[in-house]
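Novice: Pasting input13.tsv below, which is TSV, C-alpha atoms and all ligand atoms.
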```
chain	number	residue	atom	x	y	z
A	478	MET	CA	-13.86	15.09	-14.05
A	479	ARG	CA	-10.43	14.82	-12.48
A	480	LEU	CA	-9.71	18.52	-12.98
A	481	THR	CA	-12.91	19.59	-11.32
A	482	LEU	CA	-12.36	17.20	-8.46
A	483	LYS	CA	-8.79	18.42	-8.09
A	484	LYS	CA	-10.00	21.98	-7.73
A	485	VAL	CA	-12.57	20.98	-5.15
A	486	LEU	CA	-9.97	19.03	-3.24
A	487	GLN	CA	-7.40	21.79	-3.38
A	488	ALA	CA	-9.90	24.27	-2.08
A	489	THR	CA	-11.06	21.93	0.65
A	490	VAL	CA	-7.67	21.03	1.98
A	491	LEU	CA	-6.32	24.34	3.15
A	492	VAL	CA	-6.38	23.68	6.82
A	493	SER	CA	-3.89	21.52	8.64
A	494	LEU	CA	-5.35	19.82	11.65
A	495	PHE	CA	-3.63	17.41	13.99
A	496	SER	CA	-0.98	14.92	13.00
A	497	LEU	CA	-2.32	11.43	12.56
A	498	SER	CA	0.66	9.27	13.33
A	499	SER	CA	-0.34	7.32	16.36
A	500	LEU	CA	3.24	6.19	16.51
A	501	ALA	CA	6.09	8.57	15.94
A	502	VAL	CA	8.01	7.21	13.02
A	503	LEU	CA	11.44	8.59	12.45
A	504	ARG	CA	12.05	9.12	8.80
A	505	LEU	CA	14.63	6.74	7.47
A	506	ALA	CA	17.47	8.94	6.43
A	507	SER	CA	19.32	6.57	4.21
A	508	SER	CA	18.65	7.38	0.61
A	509	MET	CA	18.33	4.52	-1.84
A	510	LYS	CA	19.54	6.64	-4.72
A	511	THR	CA	23.10	5.38	-4.92
A	512	GLU	CA	23.57	3.61	-8.20
A	513	THR	CA	25.94	0.88	-7.18
A	514	VAL	CA	26.83	-0.03	-3.66
A	515	ASP	CA	28.99	-2.63	-2.01
A	516	PHE	CA	27.10	-4.91	0.26
A	517	GLY	CA	28.31	-7.30	2.86
A	518	VAL	CA	26.68	-10.38	4.23
A	519	ASN	CA	23.86	-10.65	6.62
A	520	SER	CA	23.95	-14.35	6.21
A	521	SER	CA	26.40	-17.16	6.49
A	522	ASN	CA	25.74	-17.89	2.84
A	523	SER	CA	28.45	-16.34	0.69
A	524	LYS	CA	26.14	-15.97	-2.33
A	525	TRP	CA	24.95	-12.72	-0.77
A	526	THR	CA	28.40	-11.10	-1.10
A	527	GLY	CA	29.03	-9.00	-4.12
A	528	ARG	CA	27.70	-5.83	-5.63
A	529	ILE	CA	24.15	-4.83	-6.34
A	530	ALA	CA	22.91	-2.13	-8.67
A	531	LEU	CA	20.00	-0.29	-7.17
A	532	VAL	CA	19.17	0.98	-10.60
A	533	ASP	CA	17.92	-1.89	-12.71
A	534	THR	CA	20.35	-3.61	-14.97
A	535	ALA	CA	17.63	-5.79	-16.42
A	536	SER	CA	14.75	-3.92	-18.02
A	537	PRO	CA	11.39	-4.22	-16.27
A	538	GLU	CA	10.21	-6.22	-19.30
A	539	GLN	CA	13.02	-8.72	-18.72
A	540	GLU	CA	12.11	-8.95	-15.03
A	541	SER	CA	8.47	-9.60	-15.87
A	542	ASP	CA	9.50	-12.26	-18.36
A	543	GLN	CA	11.70	-13.96	-15.79
A	544	PHE	CA	8.80	-13.86	-13.42
A	545	ARG	CA	6.42	-15.42	-15.91
A	546	SER	CA	8.76	-18.18	-16.93
A	547	HIS	CA	10.02	-19.12	-13.48
A	548	ASN	CA	7.03	-18.67	-11.24
A	549	VAL	CA	4.34	-20.92	-12.54
A	550	GLU	CA	1.97	-20.23	-9.64
A	551	TYR	CA	1.37	-16.77	-10.98
A	552	SER	CA	-1.47	-17.85	-13.28
A	553	PRO	CA	-4.70	-18.54	-11.44
A	554	PRO	CA	-5.45	-22.23	-11.15
A	555	VAL	CA	-7.77	-23.42	-13.90
A	556	THR	CA	-10.08	-24.94	-11.31
A	557	SER	CA	-10.50	-21.59	-9.55
A	558	ALA	CA	-14.14	-20.59	-9.15
A	559	SER	CA	-13.34	-17.04	-10.16
A	560	SER	CA	-11.12	-15.99	-13.01
A	561	THR	CA	-9.62	-12.91	-11.34
A	562	THR	CA	-6.28	-11.99	-12.87
A	563	LEU	CA	-3.75	-9.30	-12.07
A	564	ASP	CA	-5.29	-7.08	-14.72
A	565	ASP	CA	-8.55	-6.93	-12.76
A	566	LEU	CA	-6.77	-5.00	-10.01
A	567	PHE	CA	-6.29	-1.29	-9.47
A	568	ILE	CA	-3.47	-0.98	-6.93
A	569	SER	CA	-2.92	2.44	-5.36
A	570	VAL	CA	0.07	3.43	-3.27
A	571	LYS	CA	-0.21	6.53	-1.12
A	572	THR	CA	2.97	8.57	-0.95
A	573	THR	CA	4.22	12.11	-0.42
A	574	LYS	CA	7.04	14.14	-1.99
A	575	ASN	CA	9.32	13.76	1.03
A	576	PHE	CA	9.20	9.99	0.74
A	577	HIS	CA	9.76	9.57	-3.00
A	578	ASN	CA	13.52	9.20	-2.51
A	579	SER	CA	13.53	7.12	0.61
A	580	ARG	CA	10.55	4.82	0.00
A	581	LEU	CA	9.71	4.46	-3.68
A	582	ASP	CA	12.97	3.08	-5.08
A	583	VAL	CA	12.72	-0.21	-3.25
A	584	ILE	CA	9.10	-0.64	-4.38
A	585	ILE	CA	9.94	0.22	-7.98
A	586	LYS	CA	12.80	-2.24	-7.93
A	587	THR	CA	10.82	-5.09	-6.41
A	588	TRP	CA	7.07	-5.68	-6.44
A	589	PHE	CA	6.14	-2.82	-8.77
A	590	THR	CA	7.90	-4.67	-11.59
A	591	LEU	CA	5.30	-7.42	-11.19
A	592	ALA	CA	2.29	-5.10	-11.45
A	593	ARG	CA	3.55	-2.08	-13.34
A	594	GLU	CA	0.44	-1.57	-15.42
A	595	GLN	CA	-1.91	-2.00	-12.47
A	596	THR	CA	-0.14	0.09	-9.81
A	597	TRP	CA	-0.45	3.88	-9.41
A	598	PHE	CA	1.35	6.13	-6.95
A	599	PHE	CA	-0.72	8.96	-5.46
A	600	THR	CA	1.39	11.86	-4.29
A	601	ASP	CA	1.26	15.60	-3.69
A	602	SER	CA	3.79	17.10	-6.09
A	603	ASP	CA	5.09	16.78	-9.61
A	604	ASP	CA	8.35	14.86	-9.73
A	605	GLU	CA	9.88	14.26	-13.14
A	606	GLU	CA	12.39	11.70	-11.85
A	607	TYR	CA	9.73	9.51	-10.25
A	608	ARG	CA	7.26	10.09	-13.06
A	609	GLU	CA	9.81	8.38	-15.28
A	610	LYS	CA	10.77	5.72	-12.77
A	611	THR	CA	7.11	4.77	-12.35
A	612	HIS	CA	6.51	4.73	-16.11
A	613	ASN	CA	4.12	7.66	-15.85
A	614	HIS	CA	2.18	6.10	-12.98
A	615	LEU	CA	2.72	8.97	-10.52
A	616	ILE	CA	-0.45	10.96	-9.91
A	617	ASN	CA	-0.25	14.40	-8.34
A	618	THR	CA	-3.48	14.56	-6.35
A	619	GLY	CA	-3.15	18.26	-5.65
A	620	CYS	CA	-3.70	17.40	-1.98
A	621	SER	CA	-1.63	19.03	0.74
A	622	SER	CA	1.68	17.37	1.53
A	623	SER	CA	1.16	17.28	5.26
A	624	HIS	CA	0.35	14.27	7.36
A	625	ASN	CA	-2.96	15.45	8.65
A	626	ARG	CA	-6.40	13.98	8.44
A	627	MET	CA	-7.62	16.23	5.65
A	628	ALA	CA	-4.57	15.65	3.47
A	629	LEU	CA	-4.71	11.87	3.87
A	630	CYS	CA	-8.47	11.72	3.31
A	631	CYS	CA	-7.94	13.93	0.26
A	632	LYS	CA	-5.47	11.42	-1.20
A	633	MET	CA	-7.70	8.46	-0.39
A	634	ALA	CA	-10.60	10.31	-2.06
A	635	VAL	CA	-8.57	10.74	-5.26
A	636	GLU	CA	-7.42	7.08	-5.11
A	637	PHE	CA	-11.04	5.97	-4.78
A	638	ASP	CA	-12.35	8.26	-7.53
A	639	THR	CA	-9.56	7.21	-9.89
A	640	PHE	CA	-10.46	3.57	-9.27
A	641	LEU	CA	-14.11	4.33	-10.03
A	642	GLU	CA	-13.06	5.90	-13.32
A	643	SER	CA	-11.07	2.78	-14.23
A	644	ASN	CA	-12.77	-0.37	-15.40
A	645	LYS	CA	-11.04	-2.54	-12.81
A	646	LYS	CA	-12.82	-5.05	-10.60
A	647	TRP	CA	-10.84	-4.59	-7.41
A	648	PHE	CA	-9.43	-1.53	-5.64
A	649	CYS	CA	-6.46	-2.33	-3.40
A	650	HIS	CA	-4.82	0.45	-1.40
A	651	PHE	CA	-1.34	0.30	0.15
A	652	ASP	CA	1.04	2.71	1.85
A	653	ASP	CA	4.50	3.46	0.49
A	654	ASP	CA	6.10	1.45	3.30
A	655	ASN	CA	4.36	-1.74	2.16
A	656	TYR	CA	5.80	-4.63	0.20
A	657	VAL	CA	3.02	-6.33	-1.76
A	658	ASN	CA	3.33	-9.98	-2.65
A	659	VAL	CA	1.50	-9.54	-5.94
A	660	PRO	CA	0.75	-13.19	-6.83
A	661	GLN	CA	-0.61	-13.83	-3.33
A	662	LEU	CA	-2.81	-10.75	-3.53
A	663	VAL	CA	-4.29	-11.99	-6.82
A	664	LYS	CA	-4.68	-15.49	-5.42
A	665	MET	CA	-6.53	-14.24	-2.35
A	666	LEU	CA	-8.93	-12.16	-4.48
A	667	GLN	CA	-9.76	-15.25	-6.52
A	668	ASP	CA	-11.64	-16.51	-3.44
A	669	PHE	CA	-14.08	-13.59	-3.72
A	670	SER	CA	-16.34	-12.19	-6.40
A	671	TRP	CA	-16.00	-8.56	-7.41
A	672	GLN	CA	-19.72	-8.61	-8.14
A	673	ASP	CA	-20.46	-9.05	-4.44
A	674	ASP	CA	-19.72	-6.50	-1.72
A	675	TRP	CA	-16.31	-7.10	-0.20
A	676	TYR	CA	-14.18	-4.99	2.12
A	677	LEU	CA	-11.05	-7.06	2.76
A	678	GLY	CA	-8.30	-6.08	5.15
A	679	LYS	CA	-6.92	-6.37	8.62
A	680	PRO	CA	-7.85	-4.38	11.72
A	681	SER	CA	-5.17	-3.42	14.21
A	682	ILE	CA	-7.46	-3.16	17.19
A	683	LYS	CA	-9.00	-5.98	19.20
A	684	ALA	CA	-12.52	-4.58	19.33
A	685	PRO	CA	-14.58	-2.42	17.02
A	686	LEU	CA	-13.82	1.28	17.21
A	687	GLU	CA	-16.38	3.23	19.24
A	688	ILE	CA	-17.03	6.87	18.47
A	689	LEU	CA	-19.64	9.34	19.65
A	690	ASP	CA	-22.67	9.62	17.43
A	691	ARG	CA	-22.70	13.41	17.02
A	692	GLU	CA	-26.14	13.32	15.41
A	693	ASN	CA	-27.68	11.27	18.21
A	694	MET	CA	-25.92	12.33	21.38
A	695	PRO	CA	-25.12	10.65	23.68
A	696	GLY	CA	-25.27	7.66	21.34
A	697	LYS	CA	-22.30	5.72	20.13
A	698	ILE	CA	-21.34	4.19	16.82
A	699	SER	CA	-19.06	1.21	16.61
A	700	PHE	CA	-17.42	-0.26	13.55
A	701	TRP	CA	-14.35	-2.12	12.32
A	702	PHE	CA	-11.84	-0.66	9.92
A	703	ALA	CA	-8.92	-2.13	8.00
A	704	THR	CA	-5.57	-0.52	8.80
A	705	GLY	CA	-4.47	1.46	5.76
A	706	GLY	CA	-0.83	0.66	6.45
A	707	ALA	CA	-1.52	-3.05	5.98
A	708	GLY	CA	-3.42	-2.58	2.75
A	709	PHE	CA	-7.07	-3.33	2.01
A	710	CYS	CA	-9.24	-4.11	-1.01
A	711	LEU	CA	-12.77	-3.17	-2.06
A	712	SER	CA	-14.77	-4.98	-4.73
A	713	ARG	CA	-16.23	-2.86	-7.52
A	714	SER	CA	-19.71	-3.84	-6.44
A	715	LEU	CA	-19.13	-2.34	-3.00
A	716	ALA	CA	-17.30	0.69	-4.42
A	717	LEU	CA	-20.30	1.43	-6.64
A	718	LYS	CA	-22.56	1.39	-3.58
A	719	MET	CA	-20.13	3.76	-1.87
A	720	LYS	CA	-20.02	6.08	-4.87
A	721	PRO	CA	-23.07	8.25	-4.06
A	722	LEU	CA	-21.85	8.63	-0.47
A	723	ALA	CA	-18.11	9.00	-0.90
A	724	SER	CA	-17.08	10.00	-4.42
A	725	GLY	CA	-16.29	13.45	-5.81
A	726	GLY	CA	-14.76	14.77	-2.62
A	727	LYS	CA	-17.54	13.54	-0.29
A	728	PHE	CA	-15.07	11.16	1.34
A	729	ILE	CA	-13.16	14.20	2.63
A	730	SER	CA	-16.30	15.72	4.12
A	731	ILE	CA	-17.11	12.46	5.92
A	732	GLY	CA	-13.56	12.24	7.33
A	733	ASP	CA	-13.91	15.83	8.44
A	734	LYS	CA	-17.27	15.19	10.07
A	735	ILE	CA	-16.12	12.23	12.13
A	736	ARG	CA	-12.64	13.74	12.60
A	737	LEU	CA	-10.83	10.50	11.92
A	738	PRO	CA	-8.10	9.38	9.49
A	739	ASP	CA	-8.64	8.02	6.00
A	740	ASP	CA	-8.58	4.31	6.82
A	741	VAL	CA	-11.00	4.81	9.71
A	742	THR	CA	-13.24	6.89	7.46
A	743	MET	CA	-13.25	4.02	4.96
A	744	GLY	CA	-14.44	1.66	7.72
A	745	TYR	CA	-17.09	4.18	8.76
A	746	VAL	CA	-18.45	4.46	5.22
A	747	VAL	CA	-18.52	0.70	4.63
A	748	GLU	CA	-19.54	-0.62	8.02
A	749	HIS	CA	-21.61	2.19	9.49
A	750	MET	CA	-23.10	3.98	6.48
A	751	LEU	CA	-23.54	0.95	4.22
A	752	ARG	CA	-23.82	-1.74	6.91
A	753	LYS	CA	-21.37	-4.03	5.11
A	754	GLN	CA	-18.81	-5.92	7.14
A	755	LEU	CA	-15.05	-5.99	6.99
A	756	THR	CA	-13.73	-9.46	6.16
A	757	VAL	CA	-10.45	-10.03	7.98
A	758	ILE	CA	-7.53	-11.17	5.88
A	759	ASP	CA	-4.75	-12.21	8.22
A	760	LYS	CA	-2.16	-12.16	5.46
A	761	PHE	CA	-2.06	-8.36	5.39
A	762	HIS	CA	0.55	-6.88	7.75
A	763	SER	CA	1.24	-3.31	8.86
A	764	HIS	CA	4.13	-2.15	11.00
A	765	LEU	CA	1.75	-2.04	13.93
A	766	GLU	CA	2.59	-5.74	14.15
A	767	PRO	CA	6.11	-6.92	15.03
A	768	MET	CA	7.51	-7.98	11.66
A	769	LYS	CA	10.12	-10.25	13.22
A	770	PHE	CA	7.44	-12.68	14.38
A	771	LEU	CA	6.56	-13.59	10.81
A	772	LYS	CA	8.20	-16.97	10.39
A	773	HIS	CA	10.47	-17.60	7.45
A	774	SER	CA	8.36	-20.54	6.30
A	775	GLN	CA	5.19	-18.40	6.21
A	776	LEU	CA	6.57	-15.46	4.28
A	777	SER	CA	5.70	-16.64	0.79
A	778	ASP	CA	2.01	-17.00	1.73
A	779	GLN	CA	1.63	-13.47	3.10
A	780	ILE	CA	0.19	-10.62	1.06
A	781	SER	CA	1.67	-7.45	2.53
A	782	PHE	CA	4.58	-6.48	4.77
A	783	SER	CA	5.85	-3.20	6.20
A	784	TYR	CA	8.63	-1.64	8.25
A	785	SER	CA	9.13	1.20	10.67
A	786	ARG	CA	11.52	2.60	13.19
A	787	TYR	CA	10.58	3.22	16.80
A	788	GLY	CA	13.40	5.23	18.35
A	789	GLN	CA	16.48	3.08	17.98
A	790	GLU	CA	14.48	-0.05	17.20
A	791	MET	CA	13.71	-1.12	13.67
A	792	ASN	CA	10.52	-3.09	13.18
A	793	VAL	CA	11.54	-5.12	10.15
A	794	LEU	CA	11.32	-8.68	8.89
A	795	ASN	CA	13.94	-10.93	10.34
A	796	LEU	CA	15.48	-12.59	7.36
A	797	ASP	CA	18.86	-13.34	5.89
A	798	GLY	CA	20.00	-11.63	2.76
A	799	PHE	CA	21.54	-8.31	1.84
A	800	ASN	CA	23.11	-6.40	4.70
A	801	ASN	CA	21.24	-3.69	6.57
A	802	GLN	CA	23.05	-0.88	4.83
A	803	ILE	CA	21.83	-1.85	1.43
A	804	ASP	CA	18.52	-3.31	2.58
A	805	PRO	CA	17.48	-1.54	5.78
A	806	TYR	CA	13.80	-2.41	5.28
A	807	ARG	CA	14.56	-6.05	4.27
A	808	PHE	CA	12.35	-5.78	1.17
A	809	LEU	CA	15.16	-6.56	-1.31
A	810	SER	CA	15.97	-9.70	0.65
A	811	LEU	CA	12.29	-10.63	0.87
A	812	HIS	CA	11.88	-10.13	-2.85
A	813	CYS	CA	14.84	-12.43	-3.58
A	814	LEU	CA	13.38	-15.03	-1.26
A	815	LEU	CA	10.05	-14.90	-3.12
A	816	PHE	CA	11.41	-14.37	-6.64
A	817	PRO	CA	15.00	-15.62	-6.71
A	818	ASN	CA	15.33	-15.18	-10.46
A	819	PHE	CA	15.40	-11.40	-10.39
A	820	SER	CA	18.57	-9.92	-11.80
A	821	PHE	CA	19.73	-8.38	-8.53
A	822	CYS	CA	19.29	-11.59	-6.56
A	823	PRO	CA	22.29	-13.78	-5.86
A	824	ARG	CA	22.48	-17.08	-7.69
B	901	LIG	N1	1.95	10.26	4.04
B	901	LIG	C1	1.43	11.30	3.31
B	901	LIG	N2	1.70	12.57	3.70
B	901	LIG	C2	2.50	12.85	4.76
B	901	LIG	C3	3.03	11.78	5.50
B	901	LIG	C4	2.74	10.49	5.13
B	901	LIG	O1	0.73	11.06	2.33
B	901	LIG	O2	2.72	14.02	5.05
B	901	LIG	C5	1.67	8.88	3.62
B	901	LIG	C6	2.94	8.04	3.54
B	901	LIG	O3	3.54	8.21	2.28
B	901	LIG	C7	2.41	6.67	3.81
B	901	LIG	C8	1.23	6.92	4.75
B	901	LIG	O4	0.88	8.29	4.59
B	901	LIG	O5	1.93	6.05	2.63
B	901	LIG	C9	1.57	6.64	6.20
B	901	LIG	O6	2.69	7.42	6.56
B	901	LIG	P1	3.81	6.89	7.56
B	901	LIG	O7	4.18	5.50	7.17
B	901	LIG	O8	4.93	7.89	7.56
B	901	LIG	O9	3.11	6.97	8.95
B	901	LIG	P2	2.26	5.91	9.80
B	901	LIG	O10	0.87	6.49	9.80
B	901	LIG	O11	2.34	4.59	9.11
B	901	LIG	O12	2.90	5.90	11.12
B	902	MN	MN	3.82	3.64	7.91
```
Please express what this file holds, its structure, as structure tokens.
Specialist:
Amino acid sequence: MRLTLKKVLQATVLVSLFSLSSLAVLRLASSMKTETVDFGVNSSNSKWTGRIALVDTASPEQESDQFRSHNVEYSPPVTSASSTTLDDLFISVKTTKNFHNSRLDVIIKTWFTLAREQTWFFTDSDDEEYREKTHNHLINTGCSSSHNRMALCCKMAVEFDTFLESNKKWFCHFDDDNYVNVPQLVKMLQDFSWQDDWYLGKPSIKAPLEILDRENMPGKISFWFATGGAGFCLSRSLALKMKPLASGGKFISIGDKIRLPDDVTMGYVVEHMLRKQLTVIDKFHSHLEPMKFLKHSQLSDQISFSYSRYGQEMNVLNLDGFNNQIDPYRFLSLHCLLFPNFSFCPR
């Protein structure tokens, strides 16, 4: 099934159209590959001085064990109406070969260790180093490695089809510049049933998107969509209803027809084609929001975070911790705030 789909996708995605980035994001040049780096303080607290190994000293198994023993909230409450657990989730992360070095290390070192079995990286090339680092969870979609609508819809199509092939109850998509607070994601999903139709995420626009209805000119179609860069989830029940419309490469054709990016296409399929509504989850955050406005006291309740650079300005969380050289995106510091028992966190 995957091979056939791959061929279809490869054949379909030959043409590069326009670039999708609504905001020009300068690629962060600093590589996270250095094995051991000195780091200074970004905080008055001297516990943050010392050295940090960017390559794990503790095995992922040890990290997971620490997590289990020190973070009791991880298990769903017994009184919860639904029994959703981490293992009910299929978490996909969209990436591209040019970002493996600069974006994946920090994910692999932090939140990926908490959902290693459930998280899959969808990329556009084979990469032995990252295949190993992700414990064989790097999927080469065969899609083009450019940032155009077709390539991104192609990746989303493979993410969606791979979820359908799994037996998981929830599909949650993220970008490779997201930090996912795994226990909070699970906790949020416990409020919903995978057997009902749910499209959970956060829009970045104040009103529904209006597009021309090409089949009924001069009509218009309006719908909400969840920003892909903040993350969103679909219940299996809804995904199964989407299957006849959007699986096996059809998602790419729809994106091509409406000429809009993958996350918008997702909203179009769910809201317009299936008439199901997006449920807004405020705890998802993309870098279209100013990260610095997220208050320190609220951080542990949030589900996703991001970062970006606009010219000279970094849009990152404002929080104490490792210095900006070692932690330019602030995700290491965030992780230590949420899970202080990790081996690289100061004690
Ligand atoms: N991406 C991709 N191919 C590209 C460029 C980006 O698959 O050629 C992915 C990237 O890895 C990320 C998402 O698309 O998961 C969004 O990219 P980025 O954050 O660079 O841009 P944004 O759209 O957020 O401004
Ligand atoms: Mn981004």
Novice: Would you give the centre and edge lengths, in Å to one decimal, of a box along x, y and z around the listed atoms of ligand LIG 901 (chain B), with 3 Å added to each side, as JSON?
Specialist:
```
{"center_x": 2.8, "center_y": 9.3, "center_z": 6.7, "size_x": 10.2, "size_y": 15.4, "size_z": 14.8}
```
Novice: Out of A:Met719, A:Leu737, A:Leu796, A:Val570, which residue has the shortest atom-to-atom distance to ligand LIG 901 (chain B) when counting only C-alpha atoms and all ligand atoms?
Specialist: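 For ligand LIG 901 (chain B), the nearest of the candidates is A:Val570.
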Novice: What does the distance from atom CA of Pro685 of chain A to atom CA of Leu751 of chain A come to in Å, to one decimal?
Specialist: 16.0 Å
Novice: Of the residues A:Asn575, A:Asn617, A:Thr756, A:Asn818, which is the one nearest to Leu677 of chain A, using all atoms listed in the file?
Specialist: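 Selected residue with least distance to Leu677 of chain A: A:Thr756.
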Novice: So that I can see what lies close to Leu765 of chain A, please list as JSON, numbers by chain the residues with an atom at most 9 Å from it, counting only C-alpha atoms and leaving out residues fewer than 3 positions away in the same chain.
Specialist: {"A": [500, 681, 706, 707, 762, 768, 783, 784, 785, 792]}
Novice: Nearest to ligand LIG 901 (chain B) among A:Ser730, A:Asn658, A:Ser699, A:Thr704, with distances taken over all atoms listed in the file: which residue is it?
Specialist: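 Closest to ligand LIG 901 (chain B), using all atoms listed in the file: A:Thr704.
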